file work12.csv (CSV, C-alpha atoms (C1' of nucleotides))
chain,number,residue,atom,x,y,z
A,734,MET,CA,5.9,30.9,24.7
A,735,GLU,CA,3.4,28.0,24.5
A,736,LYS,CA,4.4,24.4,24.8
A,737,PRO,CA,5.8,23.4,21.4
A,738,VAL,CA,2.7,21.2,20.7
A,739,GLU,CA,4.2,17.9,21.6
A,740,LEU,CA,6.5,17.5,18.7
A,741,ASN,CA,7.6,14.0,19.2
A,742,HIS,CA,10.1,11.8,17.4
A,743,SER,CA,8.0,10.2,14.7
A,744,GLU,CA,6.5,13.4,13.5
A,745,CYS,CA,9.2,16.0,13.9
A,746,MET,CA,10.3,17.6,10.7
A,747,GLY,CA,7.9,15.4,8.7
A,748,ILE,CA,10.5,12.7,7.9
A,749,LEU,CA,7.6,10.4,7.3
A,750,ARG,CA,5.7,12.5,4.8
A,751,PRO,CA,8.0,12.1,1.8
A,752,ILE,CA,8.3,8.4,2.6
A,753,ARG,CA,4.5,8.1,2.6
A,754,ASP,CA,4.4,10.1,-0.7
A,755,ALA,CA,6.8,7.7,-2.3
A,756,LEU,CA,5.0,4.6,-1.1
A,757,ASP,CA,1.7,6.0,-2.2
A,758,VAL,CA,2.9,6.6,-5.7
A,759,LEU,CA,4.1,3.0,-6.0
A,760,ASN,CA,1.2,1.5,-4.2
A,761,GLY,CA,-1.5,-0.8,-5.2
A,762,LYS,CA,-1.4,-4.1,-7.1
A,763,TRP,CA,-0.7,-2.7,-10.6
A,764,LYS,CA,1.5,0.4,-10.6
A,765,LEU,CA,4.8,-1.5,-10.8
A,766,PRO,CA,3.7,-4.0,-13.4
A,767,ILE,CA,2.5,-1.1,-15.6
A,768,ILE,CA,5.8,0.8,-15.1
A,769,VAL,CA,7.8,-2.2,-16.0
A,770,ALA,CA,5.7,-2.8,-19.1
A,771,LEU,CA,6.2,0.7,-20.2
A,772,SER,CA,9.9,0.6,-19.5
A,773,PHE,CA,10.3,-1.4,-22.7
A,774,GLY,CA,8.9,1.5,-24.7
A,775,GLU,CA,5.7,3.4,-25.3
A,776,LYS,CA,2.6,1.4,-25.6
A,777,ARG,CA,-1.1,1.7,-26.4
A,778,PHE,CA,-3.8,1.0,-23.9
A,779,THR,CA,-4.7,-2.4,-25.3
A,780,GLU,CA,-1.1,-3.4,-25.5
A,781,ILE,CA,-0.6,-2.6,-21.8
A,782,ALA,CA,-3.8,-4.5,-20.9
A,783,ARG,CA,-2.5,-7.5,-22.8
A,784,GLU,CA,0.9,-7.5,-21.1
A,785,VAL,CA,-0.1,-6.8,-17.6
A,786,HIS,CA,-2.0,-10.1,-17.1
A,787,GLY,CA,-5.1,-10.0,-15.1
A,788,ILE,CA,-5.8,-6.3,-15.0
A,789,THR,CA,-9.2,-5.1,-16.1
A,790,ASP,CA,-9.8,-2.1,-18.4
A,791,ARG,CA,-11.4,-0.2,-15.5
A,792,VAL,CA,-8.4,-0.6,-13.2
A,793,LEU,CA,-5.9,0.0,-15.9
A,794,SER,CA,-7.6,3.2,-16.8
A,795,LYS,CA,-7.6,4.4,-13.2
A,796,GLU,CA,-3.9,3.4,-12.7
A,797,LEU,CA,-2.8,5.2,-15.8
A,798,GLN,CA,-4.6,8.3,-14.6
A,799,ASP,CA,-2.8,8.1,-11.3
A,800,LEU,CA,0.6,7.6,-12.8
A,801,THR,CA,-0.1,10.4,-15.3
A,802,MET,CA,-1.1,12.8,-12.5
A,803,ASN,CA,2.0,11.9,-10.7
A,804,GLY,CA,4.1,12.8,-13.7
A,805,LEU,CA,5.5,9.3,-14.2
A,806,VAL,CA,3.6,8.6,-17.4
A,807,LYS,CA,2.8,10.8,-20.4
A,808,ARG,CA,-0.4,10.2,-22.3
A,809,THR,CA,-0.3,11.2,-26.0
A,810,VAL,CA,-3.3,11.4,-28.3
A,811,GLU,CA,-2.6,11.3,-32.0
A,812,ASP,CA,-5.6,12.9,-33.8
A,813,THR,CA,-6.1,10.3,-36.4
A,814,PHE,CA,-9.2,8.2,-36.9
A,815,PRO,CA,-9.7,6.3,-34.8
A,816,VAL,CA,-7.6,8.2,-32.3
A,817,LYS,CA,-4.4,6.5,-31.3
A,818,VAL,CA,-3.4,6.9,-27.7
A,819,THR,CA,0.0,6.1,-26.5
A,820,TYR,CA,1.5,5.9,-23.0
A,821,ALA,CA,5.1,6.4,-22.2
A,822,LEU,CA,7.3,6.8,-19.2
A,823,THR,CA,8.5,10.4,-18.5
A,824,PRO,CA,12.0,11.4,-17.8
A,825,HIS,CA,11.0,11.9,-14.2
A,826,SER,CA,10.1,8.3,-13.9
A,827,LYS,CA,13.8,7.5,-14.4
A,828,SER,CA,14.4,8.9,-10.9
A,829,LEU,CA,12.4,6.0,-9.5
A,830,ASP,CA,15.0,3.5,-10.7
A,831,GLU,CA,17.2,3.8,-7.6
A,832,VAL,CA,14.1,3.4,-5.3
A,833,ILE,CA,12.9,0.4,-7.2
A,834,GLU,CA,16.4,-1.2,-7.1
A,835,ALA,CA,16.7,-0.5,-3.4
A,836,LEU,CA,13.3,-2.2,-2.8
A,837,ARG,CA,14.2,-5.1,-5.1
A,838,LYS,CA,17.5,-5.8,-3.3
A,839,TRP,CA,15.9,-5.6,0.1
A,840,GLY,CA,13.1,-7.8,-1.0
A,841,VAL,CA,15.6,-10.5,-2.0
A,842,LEU,CA,17.5,-10.2,1.2
A,843,HIS,CA,14.4,-10.2,3.2
A,844,ARG,CA,13.1,-13.4,1.7
A,845,GLU,CA,16.4,-15.1,2.5
A,846,ILE,CA,16.2,-14.0,6.1
A,847,ILE,CA,12.6,-15.0,6.4
A,848,LEU,CA,13.1,-18.4,4.8
A,849,LYS,CA,16.1,-19.1,7.0
A,850,GLY,CA,13.7,-18.4,9.8
A,851,SER,CA,16.5,-17.9,12.3
A,852,SER,CA,15.2,-16.3,15.5
A,853,ASP,CA,18.5,-14.6,16.0
A,854,GLU,CA,18.6,-12.0,13.2
B,1297,MET,CA,6.8,-29.0,-25.7
B,1298,GLU,CA,4.0,-26.8,-24.7
B,1299,LYS,CA,4.0,-23.1,-25.3
B,1300,PRO,CA,6.1,-21.5,-22.6
B,1301,VAL,CA,3.1,-20.0,-20.9
B,1302,GLU,CA,3.5,-16.5,-22.3
B,1303,LEU,CA,6.4,-15.3,-20.2
B,1304,ASN,CA,6.3,-11.7,-20.9
B,1305,HIS,CA,8.5,-8.8,-19.8
B,1306,SER,CA,6.8,-7.7,-16.7
B,1307,GLU,CA,6.7,-11.2,-15.2
B,1308,CYS,CA,9.8,-12.9,-16.4
B,1309,MET,CA,12.2,-13.9,-13.6
B,1310,GLY,CA,10.0,-12.4,-11.0
B,1311,ILE,CA,11.6,-9.0,-10.9
B,1312,LEU,CA,8.4,-7.8,-9.4
B,1313,ARG,CA,8.0,-10.3,-6.6
B,1314,PRO,CA,10.8,-9.0,-4.3
B,1315,ILE,CA,9.7,-5.4,-5.0
B,1316,ARG,CA,6.1,-6.3,-4.0
B,1317,ASP,CA,7.5,-8.1,-0.9
B,1318,ALA,CA,9.3,-5.0,0.2
B,1319,LEU,CA,6.4,-2.7,-0.4
B,1320,ASP,CA,4.1,-5.1,1.4
B,1321,VAL,CA,6.3,-5.1,4.5
B,1322,LEU,CA,6.3,-1.3,4.7
B,1323,ASN,CA,2.8,-0.8,3.6
B,1324,GLY,CA,-0.2,0.5,5.4
B,1325,LYS,CA,-0.7,3.6,7.3
B,1326,TRP,CA,1.3,2.8,10.5
B,1327,LYS,CA,4.3,0.5,9.8
B,1328,LEU,CA,6.8,3.3,9.2
B,1329,PRO,CA,5.6,5.5,12.2
B,1330,ILE,CA,6.0,2.5,14.4
B,1331,ILE,CA,9.4,1.7,13.1
B,1332,VAL,CA,10.5,5.3,13.6
B,1333,ALA,CA,9.2,5.3,17.1
B,1334,LEU,CA,11.1,2.1,17.9
B,1335,SER,CA,14.2,3.5,16.3
B,1336,PHE,CA,14.8,5.6,19.4
B,1337,GLY,CA,14.9,2.5,21.6
B,1338,GLU,CA,12.8,-0.3,22.8
B,1339,LYS,CA,9.4,0.6,24.0
B,1340,ARG,CA,6.3,-0.9,25.7
B,1341,PHE,CA,2.9,-1.2,24.0
B,1342,THR,CA,1.4,1.8,25.7
B,1343,GLU,CA,4.4,4.0,25.0
B,1344,ILE,CA,4.2,3.2,21.3
B,1345,ALA,CA,0.5,3.9,21.3
B,1346,ARG,CA,1.1,7.2,22.9
B,1347,GLU,CA,3.8,8.3,20.5
B,1348,VAL,CA,2.2,7.1,17.3
B,1349,HIS,CA,-0.6,9.6,17.4
B,1350,GLY,CA,-4.0,8.4,16.2
B,1351,ILE,CA,-3.4,4.7,16.2
B,1352,THR,CA,-5.8,2.5,18.1
B,1353,ASP,CA,-4.9,-0.5,20.3
B,1354,ARG,CA,-6.5,-2.9,17.8
B,1355,VAL,CA,-4.5,-1.6,14.9
B,1356,LEU,CA,-1.2,-1.3,16.8
B,1357,SER,CA,-1.6,-4.8,18.0
B,1358,LYS,CA,-2.0,-6.1,14.5
B,1359,GLU,CA,0.8,-4.0,13.0
B,1360,LEU,CA,3.2,-5.2,15.7
B,1361,GLN,CA,2.3,-8.8,14.9
B,1362,ASP,CA,3.0,-8.1,11.2
B,1363,LEU,CA,6.3,-6.5,11.9
B,1364,THR,CA,7.3,-9.3,14.3
B,1365,MET,CA,6.4,-11.9,11.8
B,1366,ASN,CA,8.5,-10.1,9.3
B,1367,GLY,CA,11.5,-10.2,11.6
B,1368,LEU,CA,11.7,-6.5,12.0
B,1369,VAL,CA,10.5,-6.3,15.6
B,1370,LYS,CA,11.3,-8.4,18.5
B,1371,ARG,CA,8.7,-8.9,21.2
B,1372,THR,CA,9.9,-9.7,24.7
B,1373,VAL,CA,7.9,-10.7,27.7
B,1374,GLU,CA,9.4,-10.2,31.1
B,1375,ASP,CA,7.6,-12.5,33.5
B,1376,THR,CA,6.9,-10.1,36.3
B,1377,PHE,CA,3.6,-9.1,37.6
B,1378,PRO,CA,1.9,-7.6,35.8
B,1379,VAL,CA,3.8,-8.8,32.8
B,1380,LYS,CA,6.0,-6.3,31.1
B,1381,VAL,CA,6.2,-6.5,27.3
B,1382,THR,CA,8.8,-4.6,25.3
B,1383,TYR,CA,9.1,-4.2,21.6
B,1384,ALA,CA,12.4,-3.5,19.9
B,1385,LEU,CA,13.8,-3.3,16.4
B,1386,THR,CA,15.8,-6.3,15.3
B,1387,PRO,CA,19.3,-6.1,13.6
B,1388,HIS,CA,17.5,-7.2,10.4
B,1389,SER,CA,15.5,-4.0,10.5
B,1390,LYS,CA,18.7,-2.0,10.0
B,1391,SER,CA,18.8,-3.3,6.5
B,1392,LEU,CA,15.7,-1.3,5.8
B,1393,ASP,CA,17.6,2.0,6.3
B,1394,GLU,CA,18.8,2.3,2.8
B,1395,VAL,CA,15.4,1.5,1.4
B,1396,ILE,CA,13.8,4.1,3.7
B,1397,GLU,CA,16.4,6.7,2.8
B,1398,ALA,CA,15.9,6.0,-1.0
B,1399,LEU,CA,12.1,6.4,-0.5
B,1400,ARG,CA,12.5,9.6,1.5
B,1401,LYS,CA,14.9,11.2,-1.0
B,1402,TRP,CA,12.6,10.4,-3.9
B,1403,GLY,CA,9.6,11.6,-2.0
B,1404,VAL,CA,11.3,15.0,-1.5
B,1405,LEU,CA,12.3,15.2,-5.1
B,1406,HIS,CA,8.9,14.1,-6.3
B,1407,ARG,CA,7.2,16.7,-4.3
B,1408,GLU,CA,9.4,19.4,-5.9
B,1409,ILE,CA,8.6,18.1,-9.4
B,1410,ILE,CA,4.9,17.9,-8.7
B,1411,LEU,CA,4.7,21.4,-7.2
B,1412,LYS,CA,6.6,22.9,-10.0
B,1413,GLY,CA,3.9,21.3,-12.1
B,1414,SER,CA,6.0,21.6,-15.3
B,1415,SER,CA,4.6,19.5,-18.0
B,1416,ASP,CA,8.1,18.9,-19.4
B,1417,GLU,CA,9.7,16.8,-16.8
C,107,DC,C1',-9.6,1.2,-30.0
C,108,DG,C1',-9.8,3.4,-25.6
C,109,DG,C1',-12.1,3.8,-22.5
C,110,DT,C1',-16.7,4.8,-18.8
C,111,DA,C1',-20.8,3.1,-15.9
C,112,DT,C1',-22.5,0.0,-12.6
C,113,DC,C1',-22.4,-3.3,-9.3
C,114,DC,C1',-20.1,-6.1,-5.8
C,115,DG,C1',-17.0,-8.5,-2.7
C,116,DA,C1',-12.7,-8.2,0.1
C,117,DT,C1',-9.7,-5.8,2.9
C,118,DA,C1',-7.9,-1.8,5.7
C,119,DG,C1',-8.6,0.7,9.3
C,120,DG,C1',-11.5,3.4,12.9
C,121,DA,C1',-14.7,3.4,17.3
C,122,DT,C1',-15.9,1.5,21.3
C,123,DA,C1',-16.1,-1.9,24.9
C,124,DC,C1',-14.2,-5.3,27.5
C,125,DT,C1',-10.5,-8.7,29.8
C,126,DG,C1',-6.6,-11.2,32.4
D,1049,DC,C1',-0.6,-2.9,31.2
D,1050,DA,C1',-1.3,-5.3,27.0
D,1051,DG,C1',-4.0,-6.4,24.5
D,1052,DT,C1',-8.9,-8.9,22.2
D,1053,DA,C1',-13.8,-8.7,20.5
D,1054,DT,C1',-17.3,-6.6,17.9
D,1055,DC,C1',-19.0,-3.6,14.8
D,1056,DC,C1',-18.7,-0.3,11.2
D,1057,DT,C1',-17.1,2.5,7.1
D,1058,DA,C1',-14.3,3.6,3.2
D,1059,DT,C1',-11.5,2.4,-0.3
D,1060,DC,C1',-9.5,-1.1,-3.5
D,1061,DG,C1',-10.0,-3.9,-7.0
D,1062,DG,C1',-12.7,-7.5,-9.9
D,1063,DA,C1',-16.8,-8.6,-13.2
D,1064,DT,C1',-19.6,-7.2,-16.6
D,1065,DA,C1',-21.7,-4.3,-19.8
D,1066,DC,C1',-21.8,-0.6,-22.7
D,1067,DC,C1',-20.2,3.8,-25.6
D,1068,DG,C1',-18.1,7.1,-29.3

call {"tool": "encode", "arguments": {"input": "work12.csv", "output": "structure tokens"}}
result
Amino acid sequence: MEKPVELNHSECMGILRPIRDALDVLNGKWKLPIIVALSFGEKRFTEIAREVHGITDRVLSKELQDLTMNGLVKRTVEDTFPVKVTYALTPHSKSLDEVIEALRKWGVLHREIILKGSSDE
Amino acid sequence: MEKPVELNHSECMGILRPIRDALDVLNGKWKLPIIVALSFGEKRFTEIAREVHGITDRVLSKELQDLTMNGLVKRTVEDTFPVKVTYALTPHSKSLDEVIEALRKWGVLHREIILKGSSDE
DNA sequence: CGGTATCCGATAGGATACTG
DNA sequence: CAGTATCCTATCGGATACCG
């Protein structure tokens, strides 16, 4: 029969937590470029590095680990010599498509609004 | 007649730019909590600070400036004494609802997937 | 080829104090 | 009340070198 611990609007029911989760998964400078690169088919480390211009090996390595841990990318090692490693999007990554499309559409709309610069939006 | 500057998949047509714009607008630890707080009606600086637990004045000030510059929040000064400043969401901010809902839904789905931890998603 | 190790600068954000 | 100023830390990402 305590006070209910000040459950206020912004926190109640953790509406925000899944949103943060989603943003975190996509966040950083390189996650989307890598996903887009892989959306054209599985690729090897060096291929991704070549297509995602400007990324360093160190950062690509880390980002691929993140994406893999989040179940969006599958890392496959073929035990040849030298080893051949391929990265591919998982089926789960497909579920991101709607999110990305929503973001893209809003980004386009937002740019129009901002450029118009009308103070009466 | 130069080489067309290596327009590869991930960059062509700037698919990524609007997505980055959208992510940038929502990014950081506090943007969403502030938006949610304001979604219940206009509020004053101190009210927001009280409802968004853990934010400091310095950061709230900066975030409100960002949101205002992005046309999502309107700052109104009533010239009383002492001055009364209110912050409210703009109509444009309504267009974010679909994006936020897409993120939220995916965040929930993603958490289920990750918790199941199946390697065969 | 597919990374890791090391170092380093920039930025995000927290703590605290102060002001009109 | 509505912030700004200052300082500080942690994390992000870039540069470069090296390894099996």

call {"tool": "calpha_fit_and_write", "arguments": {"input": "work12.csv", "fixed": "chain A", "moving": "chain B", "output": "compact mmCIF listing (two decimals) with C-alpha atoms, keeping the file's coordinate frame"}}
result
# COMPACT_ATOMS: atom_id res chain seq x y z
CA MET B 1297 4.10 30.79 24.30
CA GLU B 1298 1.97 27.78 23.98
CA LYS B 1299 3.28 24.30 24.40
CA PRO B 1300 4.98 23.32 21.17
CA VAL B 1301 2.26 20.89 20.26
CA GLU B 1302 4.09 17.75 21.35
CA LEU B 1303 6.55 17.43 18.51
CA ASN B 1304 7.77 14.01 19.06
CA HIS B 1305 10.39 11.89 17.29
CA SER B 1306 8.36 10.19 14.70
CA GLU B 1307 6.78 13.41 13.44
CA CYS B 1308 9.40 16.05 13.85
CA MET B 1309 10.53 17.62 10.56
CA GLY B 1310 8.30 15.40 8.57
CA ILE B 1311 10.80 12.67 7.90
CA LEU B 1312 7.86 10.47 7.25
CA ARG B 1313 5.97 12.60 4.77
CA PRO B 1314 8.32 12.14 1.75
CA ILE B 1315 8.63 8.41 2.56
CA ARG B 1316 4.79 8.10 2.59
CA ASP B 1317 4.69 10.11 -0.69
CA ALA B 1318 7.01 7.68 -2.36
CA LEU B 1319 5.24 4.62 -1.11
CA ASP B 1320 1.91 6.10 -2.13
CA VAL B 1321 3.10 6.66 -5.70
CA LEU B 1322 4.23 3.04 -6.06
CA ASN B 1323 1.49 1.52 -4.10
CA GLY B 1324 -1.32 -0.72 -5.09
CA LYS B 1325 -1.31 -3.90 -6.93
CA TRP B 1326 -0.59 -2.66 -10.50
CA LYS B 1327 1.62 0.49 -10.52
CA LEU B 1328 4.93 -1.36 -10.73
CA PRO B 1329 3.73 -3.95 -13.40
CA ILE B 1330 2.58 -1.07 -15.49
CA ILE B 1331 5.77 0.80 -15.10
CA VAL B 1332 7.77 -2.29 -16.03
CA ALA B 1333 5.66 -2.85 -19.06
CA LEU B 1334 6.18 0.75 -20.20
CA SER B 1335 9.87 0.45 -19.54
CA PHE B 1336 10.25 -1.48 -22.77
CA GLY B 1337 8.79 1.40 -24.78
CA GLU B 1338 5.69 3.35 -25.26
CA LYS B 1339 2.55 1.38 -25.56
CA ARG B 1340 -1.20 1.77 -26.31
CA PHE B 1341 -3.95 1.06 -23.76
CA THR B 1342 -4.83 -2.33 -25.13
CA GLU B 1343 -1.22 -3.45 -25.35
CA ILE B 1344 -0.67 -2.59 -21.69
CA ALA B 1345 -3.83 -4.41 -20.75
CA ARG B 1346 -2.68 -7.43 -22.59
CA GLU B 1347 0.76 -7.52 -21.04
CA VAL B 1348 -0.22 -6.75 -17.48
CA HIS B 1349 -2.03 -10.00 -16.95
CA GLY B 1350 -5.18 -9.87 -14.84
CA ILE B 1351 -5.79 -6.17 -14.84
CA THR B 1352 -9.17 -4.91 -15.93
CA ASP B 1353 -9.87 -1.88 -18.16
CA ARG B 1354 -11.41 0.01 -15.23
CA VAL B 1355 -8.41 -0.48 -13.02
CA LEU B 1356 -5.81 0.19 -15.73
CA SER B 1357 -7.59 3.33 -16.63
CA LYS B 1358 -7.43 4.59 -13.10
CA GLU B 1359 -3.82 3.53 -12.48
CA LEU B 1360 -2.72 5.31 -15.67
CA GLN B 1361 -4.45 8.48 -14.50
CA ASP B 1362 -2.62 8.19 -11.15
CA LEU B 1363 0.71 7.67 -12.77
CA THR B 1364 0.11 10.54 -15.23
CA MET B 1365 -0.86 12.83 -12.47
CA ASN B 1366 2.28 11.88 -10.69
CA GLY B 1367 4.38 12.82 -13.70
CA LEU B 1368 5.61 9.35 -14.30
CA VAL B 1369 3.62 8.63 -17.46
CA LYS B 1370 2.93 10.75 -20.37
CA ARG B 1371 -0.31 10.30 -22.26
CA THR B 1372 -0.39 11.28 -25.92
CA VAL B 1373 -3.32 11.48 -28.23
CA GLU B 1374 -2.70 11.33 -31.93
CA ASP B 1375 -5.69 12.85 -33.66
CA THR B 1376 -6.33 10.23 -36.28
CA PHE B 1377 -9.37 8.20 -36.70
CA PRO B 1378 -9.98 6.32 -34.58
CA VAL B 1379 -7.82 8.18 -32.14
CA LYS B 1380 -4.59 6.57 -31.20
CA VAL B 1381 -3.46 6.98 -27.58
CA THR B 1382 0.03 6.07 -26.42
CA TYR B 1383 1.41 5.95 -22.96
CA ALA B 1384 5.09 6.38 -22.22
CA LEU B 1385 7.36 6.78 -19.23
CA THR B 1386 8.54 10.30 -18.57
CA PRO B 1387 12.24 11.27 -17.86
CA HIS B 1388 11.11 11.89 -14.26
CA SER B 1389 10.25 8.23 -13.96
CA LYS B 1390 13.93 7.35 -14.42
CA SER B 1391 14.54 8.76 -11.01
CA LEU B 1392 12.52 5.93 -9.61
CA ASP B 1393 15.15 3.37 -10.74
CA GLU B 1394 17.27 3.61 -7.69
CA VAL B 1395 14.28 3.36 -5.41
CA ILE B 1396 13.03 0.30 -7.32
CA GLU B 1397 16.45 -1.32 -7.25
CA ALA B 1398 16.78 -0.65 -3.43
CA LEU B 1399 13.30 -2.24 -2.92
CA ARG B 1400 14.14 -5.23 -5.09
CA LYS B 1401 17.49 -5.90 -3.39
CA TRP B 1402 15.91 -5.73 0.05
CA GLY B 1403 13.04 -7.89 -1.04
CA VAL B 1404 15.52 -10.60 -2.12
CA LEU B 1405 17.45 -10.33 1.07
CA HIS B 1406 14.32 -10.29 3.18
CA ARG B 1407 13.05 -13.38 1.59
CA GLU B 1408 16.32 -15.19 2.43
CA ILE B 1409 16.11 -14.05 6.07
CA ILE B 1410 12.49 -15.05 6.38
CA LEU B 1411 13.00 -18.49 4.84
CA LYS B 1412 15.94 -19.21 6.97
CA GLY B 1413 13.54 -18.44 9.77
CA SER B 1414 16.39 -17.93 12.29
CA SER B 1415 15.18 -16.26 15.35
CA ASP B 1416 18.55 -14.54 15.80
CA GLU B 1417 18.67 -12.16 12.96

call {"tool": "closest_atom_pairs", "arguments": {"input": "work12.csv", "of": "region 785-824 of chain A", "to": "region 1049-1061 of chain D", "cutoff": "10 Å", "atoms": "only C-alpha atoms (C1' of nucleotides)", "output": "CSV"}}
result
residue,atom,partner,partner_atom,distance
A:Ile788,CA,D:DG1061,C1',9.3
A:Thr789,CA,D:DG1061,C1',9.2
A:Arg791,CA,D:DG1061,C1',9.4
A:Val792,CA,D:DG1061,C1',7.2

call {"tool": "atom_distance", "arguments": {"input": "work12.csv", "atom1": "CA of Ser794 (chain A)", "atom2": "C1' of DG109 (chain C)"}}
result
7.3 Å

call {"tool": "closest_atom_pairs", "arguments": {"input": "work12.csv", "of": "chain B", "to": "chain A", "cutoff": "6 Å", "atoms": "only C-alpha atoms", "output": "CSV"}}
result
residue,atom,partner,partner_atom,distance
B:Ser1306,CA,A:Ala770,CA,5.6
B:Pro1314,CA,A:Gly840,CA,4.2
B:Ile1315,CA,A:Arg837,CA,4.5
B:Asp1317,CA,A:Gly840,CA,5.6
B:Ala1318,CA,A:Gly840,CA,4.9
B:Pro1329,CA,A:Ser743,CA,5.8
B:Val1332,CA,A:Ser743,CA,5.6
B:Ala1333,CA,A:Ser743,CA,5.6
B:Pro1387,CA,A:Glu854,CA,6.0
B:His1388,CA,A:Glu854,CA,5.7
B:Val1395,CA,A:Ala835,CA,5.4
B:Ala1398,CA,A:Val832,CA,5.3
B:Leu1399,CA,A:Ile752,CA,5.3
B:Arg1400,CA,A:Ile752,CA,4.5
B:Gly1403,CA,A:Pro751,CA,4.2
B:Val1404,CA,A:Pro751,CA,5.5
B:Glu1417,CA,A:His825,CA,5.7

call {"tool": "residues_around", "arguments": {"input": "work12.csv", "residues": "region 774-781 of chain A", "least_positions_apart": "5", "cutoff": "9 Å", "atoms": "all atoms listed in the file", "output": "mmCIF file with C-alpha atoms (C1' of nucleotides), keeping the file's coordinate frame"}}
result
data_model
loop_
_atom_site.group_PDB
_atom_site.id
_atom_site.type_symbol
_atom_site.label_atom_id
_atom_site.label_comp_id
_atom_site.auth_asym_id
_atom_site.auth_seq_id
_atom_site.Cartn_x
_atom_site.Cartn_y
_atom_site.Cartn_z
ATOM 1 C CA ILE A 767 2.500 -1.100 -15.600
ATOM 2 C CA HIS A 786 -2.000 -10.100 -17.100
ATOM 3 C CA ASP A 790 -9.800 -2.100 -18.400
ATOM 4 C CA LEU A 793 -5.900 0.000 -15.900
ATOM 5 C CA SER A 794 -7.600 3.200 -16.800
ATOM 6 C CA LYS A 817 -4.400 6.500 -31.300
ATOM 7 C CA VAL A 818 -3.400 6.900 -27.700
ATOM 8 C CA THR A 819 0.000 6.100 -26.500
ATOM 9 C CA TYR A 820 1.500 5.900 -23.000
ATOM 10 C CA ALA A 821 5.100 6.400 -22.200
ATOM 11 C CA LEU A 822 7.300 6.800 -19.200
ATOM 12 C "C1'" DC C 107 -9.600 1.200 -30.000
ATOM 13 C "C1'" DG C 108 -9.800 3.400 -25.600
ATOM 14 C "C1'" DG C 109 -12.100 3.800 -22.500
#

call {"tool": "residues_around", "arguments": {"input": "work12.csv", "residues": "DT112 (chain C)", "least_positions_apart": "3", "cutoff": "12 Å", "atoms": "all atoms listed in the file", "output": "list of chain:residue names"}}
result
A:Arg791, D:DA1063, D:DT1064, D:DA1065, D:DC1066

call {"tool": "write_last_selection", "arguments": {"input": "work12.csv", "atoms": "C-alpha atoms (C1' of nucleotides)", "output": "PDB file, in the frame of the given file"}}
result
ATOM      1  CA  ARG A 791     -11.400  -0.200 -15.500  1.00  0.00           C
TER       2      ARG A 791
ATOM      3  C1'  DA D1063     -16.800  -8.600 -13.200  1.00  0.00           C
ATOM      4  C1'  DT D1064     -19.600  -7.200 -16.600  1.00  0.00           C
ATOM      5  C1'  DA D1065     -21.700  -4.300 -19.800  1.00  0.00           C
ATOM      6  C1'  DC D1066     -21.800  -0.600 -22.700  1.00  0.00           C
TER       7       DC D1066
END

call {"tool": "atom_distance", "arguments": {"input": "work12.csv", "atom1": "CA of Glu1359 (chain B)", "atom2": "C1' of DG126 (chain C)"}}
result
22.0 Å

call {"tool": "closest_residue", "arguments": {"input": "work12.csv", "among": "A:Thr801, A:Lys827, A:Gly787, A:Val810", "to": "chain C", "atoms": "all atoms listed in the file"}}
result
A:Val810

call {"tool": "atom_distance", "arguments": {"input": "work12.csv", "atom1": "CA of Trp763 (chain A)", "atom2": "CA of Glu811 (chain A)"}}
result
25.6 Å

call {"tool": "interface_residues", "arguments": {"input": "work12.csv", "of": "chain C", "to": "chain B", "cutoff": "10 Å", "atoms": "only C-alpha atoms (C1' of nucleotides)", "output": "NGL selection string"}}
result
:C and (118-121 or 126)

call {"tool": "write_last_selection", "arguments": {"input": "work12.csv", "atoms": "C-alpha atoms (C1' of nucleotides)", "output": "PDB file, in the coordinates of the input"}}
result
ATOM      1  C1'  DA C 118      -7.900  -1.800   5.700  1.00  0.00           C
ATOM      2  C1'  DG C 119      -8.600   0.700   9.300  1.00  0.00           C
ATOM      3  C1'  DG C 120     -11.500   3.400  12.900  1.00  0.00           C
ATOM      4  C1'  DA C 121     -14.700   3.400  17.300  1.00  0.00           C
ATOM      5  C1'  DG C 126      -6.600 -11.200  32.400  1.00  0.00           C
TER       6       DG C 126
END

call {"tool": "closest_residue", "arguments": {"input": "work12.csv", "among": "A:Lys795, A:Glu845, A:Leu800, A:Val806", "to": "chain D", "atoms": "only C-alpha atoms (C1' of nucleotides)"}}
result
A:Lys795

call {"tool": "closest_residue", "arguments": {"input": "work12.csv", "among": "A:Leu797, A:Val816, A:Leu848, A:Ala782", "to": "chain D", "atoms": "all atoms listed in the file"}}
result
A:Val816
